[in-house]
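> Just dropping this structure here.
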Amino acid sequence: MPFPPLLLAAALSAALLPATAPAKTFKWARAGDVTTWDIHGHNLGPNNTLQSAVYESLVEYNSQTFKPEAALATEWKLISPTQLRLTLRKGVKFSDGSDFTADDAKFSLERAKAKTSNYAVHTLGVDRVVKVDSHTLDIFSDLPNPVLVNQLTELRIMSKAWAEKNKSTEPKDIKTKDEPFAHRNALGTGPFVLKSWTPDQRAVLEANPHWWGKGKFPSNVTEIVHTPIKADATRTAALLSGEIDFVIDPSLQDLARVRQTPNLKVLEGAEFRTIFLGLDQFRDELPGSDVKGKNPLKDLRVRKALYQAIDIATIQRVVQRGLAQPTGTLIARMVNGWTPKADVRWPYDAKAAQKLLADAGYPNGFEVDFACSAGRYINDEQLCQAITAQWAKVGVKAKLRSLPFSTYFPMIQRNEASIFLLGWGVPTFDAFYSLQSLIRTPGAGGDGNFNLGRFSDPQVDALIERIRKETDTGTRNGLIEKVLIAEHEVVSHIPLYNQMVPWAMKQTVDMPHRADNRIDWRLLKVR
């Protein structure tokens with residue numbers, strides 16, 4: 001039976017219209033939640049991963065080469081050794097439809113330099129930011145900075161008007177319980193919009209209809225649902241049942257089961273993160289220790305004893321099930337400045353450790369506080385339990401306390417731990433980021449911002465300052481090696497291993513594995 005003319009016309013019109021792409025929801029989990037949505041409030045991997053779905057930086061890393069590539073800035077060039085000019089992308093809008101301009105970029109970079117910002121390490125050397133015109137920005141450095149462009153990958157951009165309207169011009173201070181508007185709310189230029197967030201329960205993001213990258217990148221996801229699931233077994237069960245699509249931190253003991261499940265797969269690779277122990281070398285007496293009137297961790301012999309009492313080979317084999325790369329230094333192998341000469345461990349030797357303790361005046365050991373994150377790093381609680389047991393064999397009685405990382409990190413940043421576990425990634429892929437944050441004496445401009453044991457050596461500080469302004473690659477890398485060797489000799493920290501990261505997911509999820517253990521939201525596809 002022929003169509004009536006009007007119905008025929010309607011049918012033809014419908015056939016000519018492009019098919020609407022089906023909605024694709026990406027449901028994923030990790031052990032912990034973001035601690036804040038303020039992009040300058042807390043410099044943590046989980047925060048940076050999820051925030052990057054909403055907020056973009058001027059420069060982004062290529063997911064395979066990790067070379068800087070265009071994002072909100074389309075190009076950049078040095079006008080002089082201390083002046084970097086960036087050309088900003090035109091036609092970009094925030095998710096509320098307002099235009100992105102140089103005013104927003106200038107405001108955001110200056111906000112990252114604020115006293116309450118946890119991202120000052122990424123603004124090191126940024127003396128001032130000058131708006132040239134609506135889409136051109138100049139960054140002036142006090143000294144030549146060979147890694148400035150790399151630093152920009154971690155400095156995401158916020159709407160100036162939105163921040164001013166909502167009294168969020170200053171970053172949240174992660175050390176306090178204050179909650180400015182930007183702590184629970186977000187407005188960026190990225191591929192997604194924060195729809196809702198219930199801390200430690202669920203975050204829902206929806207596709208940003210104003211995103212400039214629509215159609216330029218392969219991602220087809222229209223909704224993201226992030227669910228923090230602390231228990232390893234529960235995360236695995238959620239993946240096996242199909243409740244979620246992806247686990248960024250699967251438990252190692254469940255990987256074989258995941259690999260044997262037909263509709264699931266595992267991606268794995270080396271991360272740029274080094275796991276280590278920090279030691280309080282500042283206080284004159286350690287809280288909770290049975291040693292009164294002095295701090296045993298100030299004694300090199302004690303620090304070296306703690307180091308040599310750790311059987312890293314057993315930890316690699318048993319605790320981490322082979323997914324760990326033992327290290328003698330604070331940077332991973334893909335980070336600029338790493339050398340085999342600097343990557344040498346003090347050998348495991350329980351008898352030598354006991355002698356060192358006896359020589360230091362502790363033949364029977366001592367009691368000490370030991371703080372550990374729960375669910376931040378792969379098998380972190382099991383790792384700390386293993387170290388506690390190994391120390392007990394040489395007489396050191398570590399009083400282990402494990403905390404969820406939402407409370408753990410503010411605690412250690414208040415310097416409330418004697419010995420603590422930390423994993424340090426290097427978003428600039430350059431050793432200076434680690435040396436400045438972990439080894440340099442705490443001070444202004446990001447110096448020692450995660451030197452939570454408050455180690456201090458003026459000669460090492462002087463070397464790090466030379467690295468900061470040295471532009472000759474060979475000379476600079478030689479200085480980096482010198483600092484790493486000096487750090488090894490005085491045991492400023494106890495390096496453990498570089499983390500190997502497995503991701504578990506459905507076969508229908510396509511994404512590149514990244515050395516920074518982050519999802520590239522631009523490239524994520526769900527079939």
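Going through the structure tokens in order, the chains are called A, B, and so on, while each chain numbers its residues from 1 and the ligands are numbered from 1 in the order shown.
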Based on DSSP run over this structure's backbone, return all residues of range 1-143 of chain A in strand (DSSP E), as a ChimeraX atom specification.

/A:25-30,59-61,68-70,73-80,83-88,126-133,136-141

> Given the selection you just returned, output its residues as a file containing N, CA and C atoms, formatted as a CSV table (one decimal), in the first residue's frame.


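Once everything was written out, this is again.csv:
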chain,number,residue,atom,x,y,z
A,25,THR,N,27.4,4.9,28.7
A,25,THR,CA,27.8,5.1,30.1
A,25,THR,C,29.0,4.3,30.4
A,26,PHE,N,30.0,5.0,31.1
A,26,PHE,CA,31.2,4.4,31.5
A,26,PHE,C,31.2,4.3,33.0
A,27,LYS,N,31.1,3.1,33.6
A,27,LYS,CA,31.0,2.9,35.0
A,27,LYS,C,32.3,2.4,35.5
A,28,TRP,N,33.0,3.1,36.4
A,28,TRP,CA,34.3,2.6,36.9
A,28,TRP,C,34.5,2.8,38.4
A,29,ALA,N,35.5,2.2,38.9
A,29,ALA,CA,35.7,2.2,40.3
A,29,ALA,C,37.2,2.3,40.7
A,30,ARG,N,37.5,2.8,41.8
A,30,ARG,CA,38.8,2.7,42.4
A,30,ARG,C,38.6,2.7,43.9
A,59,VAL,N,48.2,22.7,28.1
A,59,VAL,CA,49.0,21.7,27.4
A,59,VAL,C,48.7,20.4,27.9
A,60,GLU,N,48.6,19.4,27.1
A,60,GLU,CA,48.3,18.0,27.5
A,60,GLU,C,49.4,17.1,27.0
A,61,TYR,N,49.6,15.9,27.7
A,61,TYR,CA,50.5,14.9,27.2
A,61,TYR,C,49.9,14.0,26.1
A,68,PRO,N,54.5,16.9,25.2
A,68,PRO,CA,53.4,17.9,25.3
A,68,PRO,C,52.8,18.2,23.9
A,69,GLU,N,51.5,18.3,23.9
A,69,GLU,CA,50.7,18.6,22.7
A,69,GLU,C,49.6,19.6,23.0
A,70,ALA,N,49.1,20.2,22.0
A,70,ALA,CA,48.1,21.3,22.2
A,70,ALA,C,46.9,20.8,22.9
A,73,ALA,N,45.9,25.6,24.7
A,73,ALA,CA,46.8,26.4,24.0
A,73,ALA,C,47.2,25.6,22.7
A,74,THR,N,47.1,26.3,21.6
A,74,THR,CA,47.4,25.6,20.3
A,74,THR,C,48.9,25.6,19.9
A,75,GLU,N,49.6,26.6,20.5
A,75,GLU,CA,51.0,26.7,20.2
A,75,GLU,C,51.7,27.5,21.3
A,76,TRP,N,53.0,27.3,21.4
A,76,TRP,CA,53.8,28.1,22.3
A,76,TRP,C,55.2,28.2,21.8
A,77,LYS,N,55.9,29.3,22.2
A,77,LYS,CA,57.3,29.6,21.8
A,77,LYS,C,58.0,30.5,22.7
A,78,LEU,N,59.3,30.3,22.8
A,78,LEU,CA,60.1,31.2,23.7
A,78,LEU,C,60.4,32.5,23.0
A,79,ILE,N,59.9,33.6,23.6
A,79,ILE,CA,60.3,34.9,23.0
A,79,ILE,C,61.7,35.2,23.5
A,80,SER,N,62.0,34.8,24.7
A,80,SER,CA,63.3,34.9,25.3
A,80,SER,C,63.5,33.8,26.3
A,83,GLN,N,60.7,34.1,28.8
A,83,GLN,CA,59.4,34.6,28.4
A,83,GLN,C,58.8,33.5,27.4
A,84,LEU,N,57.7,32.9,27.8
A,84,LEU,CA,57.0,31.9,27.0
A,84,LEU,C,55.7,32.5,26.5
A,85,ARG,N,55.5,32.5,25.2
A,85,ARG,CA,54.2,33.0,24.7
A,85,ARG,C,53.3,31.9,24.3
A,86,LEU,N,52.1,31.9,24.7
A,86,LEU,CA,51.1,30.9,24.4
A,86,LEU,C,50.0,31.5,23.6
A,87,THR,N,49.6,30.8,22.5
A,87,THR,CA,48.5,31.2,21.7
A,87,THR,C,47.3,30.3,22.1
A,88,LEU,N,46.2,30.9,22.6
A,88,LEU,CA,45.1,30.1,23.1
A,88,LEU,C,44.1,29.7,22.0
A,126,VAL,N,57.5,30.6,37.7
A,126,VAL,CA,56.5,31.5,37.1
A,126,VAL,C,56.5,32.8,37.9
A,127,ASP,N,57.1,33.8,37.4
A,127,ASP,CA,57.2,35.1,38.1
A,127,ASP,C,56.0,35.9,37.9
A,128,ARG,N,55.5,36.0,36.6
A,128,ARG,CA,54.2,36.8,36.4
A,128,ARG,C,53.6,36.3,35.1
A,129,VAL,N,52.3,36.4,35.0
A,129,VAL,CA,51.5,36.1,33.8
A,129,VAL,C,50.9,37.3,33.3
A,130,VAL,N,51.1,37.5,32.0
A,130,VAL,CA,50.6,38.8,31.3
A,130,VAL,C,49.7,38.4,30.2
A,131,LYS,N,48.5,39.0,30.2
A,131,LYS,CA,47.6,38.9,29.1
A,131,LYS,C,48.1,39.9,27.9
A,132,VAL,N,48.3,39.3,26.8
A,132,VAL,CA,48.7,40.1,25.6
A,132,VAL,C,47.5,40.6,24.9
A,133,ASP,N,46.6,39.6,24.6
A,133,ASP,CA,45.3,40.0,24.1
A,133,ASP,C,44.3,38.9,24.5
A,136,THR,N,46.1,35.5,23.7
A,136,THR,CA,47.5,35.3,23.8
A,136,THR,C,48.0,35.6,25.2
A,137,LEU,N,48.9,34.8,25.7
A,137,LEU,CA,49.3,34.9,27.1
A,137,LEU,C,50.8,34.8,27.1
A,138,ASP,N,51.5,35.6,28.0
A,138,ASP,CA,52.9,35.5,28.2
A,138,ASP,C,53.2,35.0,29.6
A,139,ILE,N,54.1,34.1,29.8
A,139,ILE,CA,54.5,33.6,31.1
A,139,ILE,C,55.9,34.0,31.3
A,140,PHE,N,56.2,34.8,32.2
A,140,PHE,CA,57.6,35.3,32.5
A,140,PHE,C,58.1,34.5,33.7
A,141,SER,N,59.3,34.0,33.5
A,141,SER,CA,60.0,33.2,34.6
A,141,SER,C,61.1,34.0,35.2

> Excluding Thr101 in chain A and residues on its chain fewer than 4 positions from it, collect all residues at most 8 Å away from it, counting only C-alpha atoms, and give them as number ranges by chain.

A: 88, 105, 134-135

> Output C-alpha atoms for every residue in that selection, as a short mmCIF file (atom, residue, chain, number, x, y, z; two decimals), in the first residue's frame.


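File again.cif, as written:
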data_model
loop_
_atom_site.label_atom_id
_atom_site.label_comp_id
_atom_site.auth_asym_id
_atom_site.auth_seq_id
_atom_site.Cartn_x
_atom_site.Cartn_y
_atom_site.Cartn_z
CA LEU A 88 45.10 30.11 23.10
CA ALA A 105 44.07 31.33 31.87
CA SER A 134 42.11 37.91 24.44
CA HIS A 135 43.82 34.76 23.14
#

> Pick out the closest residue to Leu403 in chain A from this set: A:Gly375, A:Pro287, A:Gly361, A:Pro250. Count only C-alpha atoms.

A:Gly375

> Can you pull out every residue within 10 Å of range 475-478 of chain A, counting only C-alpha atoms, but drop anything in the same chain fewer than 2 positions away, and send it as a ChimeraX atom specification?

/A:146,336-339,430-432,463-464,466-473,480-483

> For each of A:Met511, A:Ile224, A:Leu255, A:Ala71, take the minimum atom-to-atom distance to Arg321 in chain A, counting only C-alpha atoms, then give the residue where this is smallest.

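Under the stated criterion, the closest residue is A:Leu255.
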
> From the set A:Trp211, A:Phe66, A:Tyr348, A:Trp37, which residue has the shortest atom-to-atom contact distance to Arg184 in chain A, counting only C-alpha atoms?

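Of all the options, A:Trp37 lies closest to Arg184 in chain A.
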
> Would you mind telling me which residue in A:Asn145, A:Thr176, A:Ser289, A:Asn48 lies nearest to Phe366 in chain A when using only C-alpha atoms?

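Nearest to Phe366 in chain A: A:Ser289.
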
> Using CA of Val526 in chain A and CA of Arg202 in chain A as the two end points, give the distance in Å to one decimal.

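If I compute the distance from CA of Val526 in chain A to CA of Arg202 in chain A, I get 20.2 Å.
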
> Give me, as a CSV table (one decimal) with N, CA, C and O atoms, in the first residue's frame, the residues of range 344-456 of chain A that a backbone DSSP run labels alpha helix (DSSP H).


chain,number,residue,atom,x,y,z
A,350,ALA,N,69.6,-8.4,57.5
A,350,ALA,CA,69.0,-8.2,58.8
A,350,ALA,C,70.1,-8.2,59.9
A,350,ALA,O,70.0,-7.4,60.9
A,351,LYS,N,71.2,-8.9,59.8
A,351,LYS,CA,72.2,-8.9,60.8
A,351,LYS,C,72.9,-7.5,60.8
A,351,LYS,O,73.3,-6.9,61.8
A,352,ALA,N,73.2,-7.0,59.6
A,352,ALA,CA,73.8,-5.6,59.5
A,352,ALA,C,72.9,-4.6,60.1
A,352,ALA,O,73.3,-3.7,60.8
A,353,ALA,N,71.6,-4.8,59.9
A,353,ALA,CA,70.6,-3.8,60.5
A,353,ALA,C,70.6,-3.9,62.0
A,353,ALA,O,70.6,-2.8,62.7
A,354,GLN,N,70.7,-5.1,62.6
A,354,GLN,CA,70.8,-5.2,64.0
A,354,GLN,C,72.0,-4.6,64.6
A,354,GLN,O,72.0,-3.9,65.7
A,355,LYS,N,73.1,-4.7,63.9
A,355,LYS,CA,74.4,-4.1,64.4
A,355,LYS,C,74.3,-2.6,64.3
A,355,LYS,O,74.8,-1.9,65.2
A,356,LEU,N,73.7,-2.1,63.3
A,356,LEU,CA,73.6,-0.6,63.1
A,356,LEU,C,72.7,-0.1,64.3
A,356,LEU,O,73.0,1.0,64.8
A,357,LEU,N,71.7,-0.8,64.6
A,357,LEU,CA,70.8,-0.4,65.7
A,357,LEU,C,71.6,-0.4,67.0
A,357,LEU,O,71.4,0.5,67.8
A,358,ALA,N,72.3,-1.5,67.2
A,358,ALA,CA,73.1,-1.6,68.5
A,358,ALA,C,74.1,-0.4,68.5
A,358,ALA,O,74.3,0.2,69.6
A,359,ASP,N,74.8,-0.2,67.4
A,359,ASP,CA,75.8,0.9,67.4
A,359,ASP,C,75.2,2.3,67.7
A,359,ASP,O,75.9,3.2,68.2
A,380,ASP,N,48.7,-1.5,49.4
A,380,ASP,CA,49.5,-0.7,50.3
A,380,ASP,C,49.4,-1.2,51.8
A,380,ASP,O,50.4,-1.2,52.5
A,381,GLU,N,48.2,-1.6,52.2
A,381,GLU,CA,48.1,-2.1,53.6
A,381,GLU,C,48.9,-3.4,53.8
A,381,GLU,O,49.6,-3.5,54.8
A,382,GLN,N,48.9,-4.3,52.8
A,382,GLN,CA,49.6,-5.5,52.9
A,382,GLN,C,51.1,-5.2,52.9
A,382,GLN,O,51.9,-5.8,53.6
A,383,LEU,N,51.5,-4.2,52.1
A,383,LEU,CA,52.9,-3.8,52.0
A,383,LEU,C,53.4,-3.3,53.4
A,383,LEU,O,54.5,-3.7,53.9
A,384,CYS,N,52.6,-2.5,54.1
A,384,CYS,CA,53.0,-1.9,55.4
A,384,CYS,C,53.0,-3.0,56.4
A,384,CYS,O,53.9,-3.0,57.3
A,385,GLN,N,52.1,-4.0,56.3
A,385,GLN,CA,52.1,-5.1,57.3
A,385,GLN,C,53.4,-5.9,57.1
A,385,GLN,O,53.9,-6.4,58.1
A,386,ALA,N,53.8,-6.1,55.9
A,386,ALA,CA,55.0,-6.9,55.6
A,386,ALA,C,56.2,-6.2,56.1
A,386,ALA,O,57.1,-6.8,56.7
A,387,ILE,N,56.3,-4.9,55.9
A,387,ILE,CA,57.4,-4.1,56.4
A,387,ILE,C,57.5,-4.2,58.0
A,387,ILE,O,58.5,-4.3,58.6
A,388,THR,N,56.3,-4.0,58.6
A,388,THR,CA,56.2,-4.1,60.0
A,388,THR,C,56.7,-5.4,60.6
A,388,THR,O,57.5,-5.4,61.6
A,389,ALA,N,56.4,-6.5,59.9
A,389,ALA,CA,56.9,-7.8,60.3
A,389,ALA,C,58.4,-7.9,60.1
A,389,ALA,O,59.1,-8.5,61.0
A,390,GLN,N,58.9,-7.4,59.1
A,390,GLN,CA,60.3,-7.5,58.8
A,390,GLN,C,61.1,-6.6,59.8
A,390,GLN,O,62.2,-7.0,60.3
A,391,TRP,N,60.6,-5.5,60.2
A,391,TRP,CA,61.3,-4.6,61.2
A,391,TRP,C,61.3,-5.3,62.5
A,391,TRP,O,62.2,-5.2,63.3
A,392,ALA,N,60.2,-6.0,62.8
A,392,ALA,CA,60.1,-6.7,64.1
A,392,ALA,C,61.2,-7.7,64.3
A,392,ALA,O,61.7,-7.9,65.4
A,405,PHE,N,42.7,7.1,52.4
A,405,PHE,CA,43.5,8.2,51.9
A,405,PHE,C,42.9,9.6,52.0
A,405,PHE,O,43.6,10.6,52.0
A,406,SER,N,41.6,9.6,52.0
A,406,SER,CA,40.9,11.0,52.2
A,406,SER,C,41.3,11.6,53.5
A,406,SER,O,41.3,12.9,53.5
A,407,THR,N,41.6,10.9,54.5
A,407,THR,CA,42.1,11.4,55.8
A,407,THR,C,43.6,11.3,56.0
A,407,THR,O,44.2,12.0,56.7
A,408,TYR,N,44.1,10.3,55.3
A,408,TYR,CA,45.6,10.0,55.4
A,408,TYR,C,46.4,11.1,55.0
A,408,TYR,O,47.3,11.6,55.7
A,409,PHE,N,46.2,11.6,53.8
A,409,PHE,CA,47.0,12.7,53.2
A,409,PHE,C,47.0,14.0,53.9
A,409,PHE,O,48.1,14.6,54.2
A,410,PRO,N,45.8,14.5,54.3
A,410,PRO,CA,45.9,15.7,55.2
A,410,PRO,C,46.6,15.5,56.5
A,410,PRO,O,47.3,16.4,57.0
A,411,MET,N,46.5,14.3,57.0
A,411,MET,CA,47.2,13.9,58.3
A,411,MET,C,48.7,14.0,58.1
A,411,MET,O,49.4,14.7,58.9
A,412,ILE,N,49.3,13.4,57.1
A,412,ILE,CA,50.7,13.4,56.9
A,412,ILE,C,51.2,14.8,56.5
A,412,ILE,O,52.3,15.2,56.8
A,413,GLN,N,50.3,15.5,55.8
A,413,GLN,CA,50.7,16.9,55.4
A,413,GLN,C,50.7,17.8,56.6
A,413,GLN,O,51.3,18.9,56.6
A,432,PHE,N,63.5,16.9,38.5
A,432,PHE,CA,63.5,18.1,39.3
A,432,PHE,C,62.2,18.1,40.1
A,432,PHE,O,62.2,18.6,41.3
A,433,TYR,N,61.1,17.7,39.5
A,433,TYR,CA,59.8,17.7,40.2
A,433,TYR,C,59.9,16.9,41.5
A,433,TYR,O,59.4,17.4,42.5
A,434,SER,N,60.6,15.8,41.5
A,434,SER,CA,60.7,15.0,42.7
A,434,SER,C,61.7,15.6,43.7
A,434,SER,O,61.5,15.7,44.9

> Compare A:Val291, A:Val394, A:Ile229, A:Ile39 by their minimum atom-to-atom distance to Asp200 in chain A, counting only C-alpha atoms, and give me the closest one.

A:Ile229

> Env of range 108-118 of chain A: 9 Å cut, atoms = only C-alpha atoms, seq-sep filter 2 positions within chain, self excluded. Answer as a ChimeraX atom specification.

/A:39-43,103-106,120-124,126,128-129,152,155-160,169-174,445-446,449

> Please, could you write that set of residues out with N, CA and C atoms as an mmCIF file, in the first residue's frame?


data_model
loop_
_atom_site.group_PDB
_atom_site.id
_atom_site.type_symbol
_atom_site.label_atom_id
_atom_site.label_comp_id
_atom_site.auth_asym_id
_atom_site.auth_seq_id
_atom_site.Cartn_x
_atom_site.Cartn_y
_atom_site.Cartn_z
ATOM 1 N N ILE A 39 40.527 22.432 41.729
ATOM 2 C CA ILE A 39 41.655 22.006 40.897
ATOM 3 C C ILE A 39 43.019 22.432 41.438
ATOM 4 N N HIS A 40 43.049 23.282 42.438
ATOM 5 C CA HIS A 40 44.326 23.657 43.046
ATOM 6 C C HIS A 40 44.368 23.279 44.524
ATOM 7 N N GLY A 41 43.395 22.489 44.968
ATOM 8 C CA GLY A 41 43.276 22.192 46.385
ATOM 9 C C GLY A 41 44.145 21.049 46.875
ATOM 10 N N HIS A 42 44.284 19.984 46.057
ATOM 11 C CA HIS A 42 44.995 18.807 46.553
ATOM 12 C C HIS A 42 45.606 18.056 45.384
ATOM 13 N N ASN A 43 46.928 18.071 45.322
ATOM 14 C CA ASN A 43 47.666 17.477 44.216
ATOM 15 C C ASN A 43 47.806 15.969 44.424
ATOM 16 N N ASP A 103 41.905 35.874 30.047
ATOM 17 C CA ASP A 103 41.614 36.272 31.432
ATOM 18 C C ASP A 103 41.469 35.040 32.327
ATOM 19 N N ASP A 104 40.812 34.003 31.819
ATOM 20 C CA ASP A 104 40.623 32.779 32.598
ATOM 21 C C ASP A 104 41.949 32.055 32.806
ATOM 22 N N ALA A 105 42.772 32.001 31.767
ATOM 23 C CA ALA A 105 44.068 31.333 31.875
ATOM 24 C C ALA A 105 44.976 32.066 32.864
ATOM 25 N N LYS A 106 45.015 33.380 32.762
ATOM 26 C CA LYS A 106 45.834 34.187 33.670
ATOM 27 C C LYS A 106 45.364 34.005 35.117
ATOM 28 N N ALA A 120 51.650 24.654 43.883
ATOM 29 C CA ALA A 120 52.715 25.643 43.707
ATOM 30 C C ALA A 120 53.951 25.029 43.063
ATOM 31 N N VAL A 121 54.145 23.727 43.258
ATOM 32 C CA VAL A 121 55.307 23.059 42.653
ATOM 33 C C VAL A 121 55.257 23.165 41.129
ATOM 34 N N HIS A 122 54.068 23.255 40.566
ATOM 35 C CA HIS A 122 53.928 23.355 39.111
ATOM 36 C C HIS A 122 54.051 24.789 38.603
ATOM 37 N N THR A 123 54.070 25.744 39.513
ATOM 38 C CA THR A 123 54.236 27.144 39.098
ATOM 39 C C THR A 123 55.643 27.643 39.408
ATOM 40 N N LEU A 124 56.510 26.721 39.783
ATOM 41 C CA LEU A 124 57.875 27.117 40.109
ATOM 42 C C LEU A 124 58.500 27.890 38.959
ATOM 43 N N VAL A 126 57.454 30.621 37.738
ATOM 44 C CA VAL A 126 56.498 31.536 37.106
ATOM 45 C C VAL A 126 56.498 32.825 37.917
ATOM 46 N N ARG A 128 55.469 36.021 36.649
ATOM 47 C CA ARG A 128 54.218 36.751 36.392
ATOM 48 C C ARG A 128 53.598 36.261 35.097
ATOM 49 N N VAL A 129 52.289 36.449 35.011
ATOM 50 C CA VAL A 129 51.524 36.055 33.836
ATOM 51 C C VAL A 129 50.892 37.317 33.253
ATOM 52 N N LEU A 152 52.902 22.900 32.836
ATOM 53 C CA LEU A 152 51.574 23.401 32.477
ATOM 54 C C LEU A 152 50.558 22.280 32.289
ATOM 55 N N LEU A 155 48.311 22.173 35.356
ATOM 56 C CA LEU A 155 47.642 23.401 35.798
ATOM 57 C C LEU A 155 46.370 23.592 34.991
ATOM 58 N N ARG A 156 45.266 23.104 35.543
ATOM 59 C CA ARG A 156 43.995 23.160 34.829
ATOM 60 C C ARG A 156 43.333 24.528 34.975
ATOM 61 N N ILE A 157 42.402 24.794 34.056
ATOM 62 C CA ILE A 157 41.859 26.144 33.895
ATOM 63 C C ILE A 157 40.423 26.237 34.393
ATOM 64 N N MET A 158 40.183 27.245 35.205
ATOM 65 C CA MET A 158 38.880 27.520 35.808
ATOM 66 C C MET A 158 38.358 28.852 35.284
ATOM 67 N N SER A 159 37.048 28.990 35.219
ATOM 68 C CA SER A 159 36.426 30.240 34.802
ATOM 69 C C SER A 159 36.635 31.306 35.866
ATOM 70 N N LYS A 160 37.213 32.411 35.482
ATOM 71 C CA LYS A 160 37.430 33.511 36.420
ATOM 72 C C LYS A 160 36.099 34.065 36.921
ATOM 73 N N THR A 169 37.881 32.377 44.613
ATOM 74 C CA THR A 169 39.094 32.878 43.965
ATOM 75 C C THR A 169 40.354 32.316 44.616
ATOM 76 N N GLU A 170 40.264 31.876 45.871
ATOM 77 C CA GLU A 170 41.383 31.239 46.553
ATOM 78 C C GLU A 170 41.149 29.735 46.599
ATOM 79 N N PRO A 171 42.188 28.908 46.392
ATOM 80 C CA PRO A 171 42.008 27.460 46.457
ATOM 81 C C PRO A 171 41.627 26.986 47.856
ATOM 82 N N LYS A 172 40.947 25.866 47.901
ATOM 83 C CA LYS A 172 40.665 25.242 49.184
ATOM 84 C C LYS A 172 41.969 24.857 49.858
ATOM 85 N N ASP A 173 42.059 25.099 51.154
ATOM 86 C CA ASP A 173 43.211 24.656 51.943
ATOM 87 C C ASP A 173 42.921 23.242 52.409
ATOM 88 N N ILE A 174 43.639 22.270 51.848
ATOM 89 C CA ILE A 174 43.346 20.865 52.125
ATOM 90 C C ILE A 174 43.622 20.511 53.581
ATOM 91 N N GLY A 445 57.234 28.598 47.422
ATOM 92 C CA GLY A 445 57.206 28.251 46.008
ATOM 93 C C GLY A 445 57.181 26.773 45.706
ATOM 94 N N GLY A 446 56.677 25.957 46.620
ATOM 95 C CA GLY A 446 56.612 24.519 46.383
ATOM 96 C C GLY A 446 57.820 23.758 46.866
ATOM 97 N N ASN A 449 57.368 20.686 49.425
ATOM 98 C CA ASN A 449 55.952 20.626 49.804
ATOM 99 C C ASN A 449 55.499 19.224 50.203
#

> Excluding Ala23 in chain A and its own-chain neighbours fewer than 5 positions away, which residues fall within 12 Å of it when counting only C-alpha atoms? Please give them as a PyMOL selection string.

chain A and resi 206-207+219-224+525-527

> Got time to write the residues from that selection, N, CA and C atoms, as a PDB file, in the first residue's frame?


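Listing of result-v1.pdb after writing:
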ATOM      1  N   GLU A 206      28.390  14.140  33.073  1.00  0.00           N
ATOM      2  CA  GLU A 206      27.687  14.035  31.792  1.00  0.00           C
ATOM      3  C   GLU A 206      28.471  14.774  30.723  1.00  0.00           C
ATOM      4  N   ALA A 207      28.246  14.378  29.474  1.00  0.00           N
ATOM      5  CA  ALA A 207      28.963  14.997  28.356  1.00  0.00           C
ATOM      6  C   ALA A 207      28.703  16.492  28.308  1.00  0.00           C
ATOM      7  N   SER A 219      36.415   9.555  21.590  1.00  0.00           N
ATOM      8  CA  SER A 219      35.562   9.174  22.722  1.00  0.00           C
ATOM      9  C   SER A 219      34.079   9.253  22.352  1.00  0.00           C
ATOM     10  N   ASN A 220      33.324   8.230  22.760  1.00  0.00           N
ATOM     11  CA  ASN A 220      31.881   8.209  22.504  1.00  0.00           C
ATOM     12  C   ASN A 220      31.075   8.113  23.800  1.00  0.00           C
ATOM     13  N   VAL A 221      31.739   8.350  24.932  1.00  0.00           N
ATOM     14  CA  VAL A 221      31.078   8.226  26.227  1.00  0.00           C
ATOM     15  C   VAL A 221      30.222   9.464  26.495  1.00  0.00           C
ATOM     16  N   THR A 222      28.996   9.235  26.948  1.00  0.00           N
ATOM     17  CA  THR A 222      28.079  10.342  27.240  1.00  0.00           C
ATOM     18  C   THR A 222      27.843  10.525  28.734  1.00  0.00           C
ATOM     19  N   GLU A 223      28.223   9.537  29.536  1.00  0.00           N
ATOM     20  CA  GLU A 223      28.047   9.639  30.983  1.00  0.00           C
ATOM     21  C   GLU A 223      29.143   8.834  31.673  1.00  0.00           C
ATOM     22  N   ILE A 224      29.666   9.397  32.764  1.00  0.00           N
ATOM     23  CA  ILE A 224      30.651   8.704  33.600  1.00  0.00           C
ATOM     24  C   ILE A 224      30.062   8.554  34.991  1.00  0.00           C
ATOM     25  N   LYS A 525      36.669   4.853  24.685  1.00  0.00           N
ATOM     26  CA  LYS A 525      35.517   4.391  23.898  1.00  0.00           C
ATOM     27  C   LYS A 525      34.893   3.171  24.568  1.00  0.00           C
ATOM     28  N   VAL A 526      33.566   3.098  24.481  1.00  0.00           N
ATOM     29  CA  VAL A 526      32.830   1.945  24.986  1.00  0.00           C
ATOM     30  C   VAL A 526      32.026   1.373  23.836  1.00  0.00           C
ATOM     31  N   ARG A 527      32.246   0.098  23.523  1.00  0.00           N
ATOM     32  CA  ARG A 527      31.530  -0.548  22.417  1.00  0.00           C
ATOM     33  C   ARG A 527      30.272  -1.246  22.918  1.00  0.00           C
TER      34      ARG A 527
END

> For Asp290 in chain A, which residue among A:Val396, A:Val335, A:Leu452, A:Ala444 is the nearest when counting only C-alpha atoms?

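For Asp290 in chain A, the nearest of the candidates is A:Val396.
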
> Hey, can you check how far CA of Tyr55 in chain A sits from CA of Pro502 in chain A?

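These two atoms are separated by 25.7 Å.
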
> Please provide as a PyMOL selection string all residues within 6 Å of range 294-301 of chain A, with the sequence filter that same-chain residues fewer than 3 positions apart are discarded (counting only C-alpha atoms).

chain A and resi 281+284-286+304+356
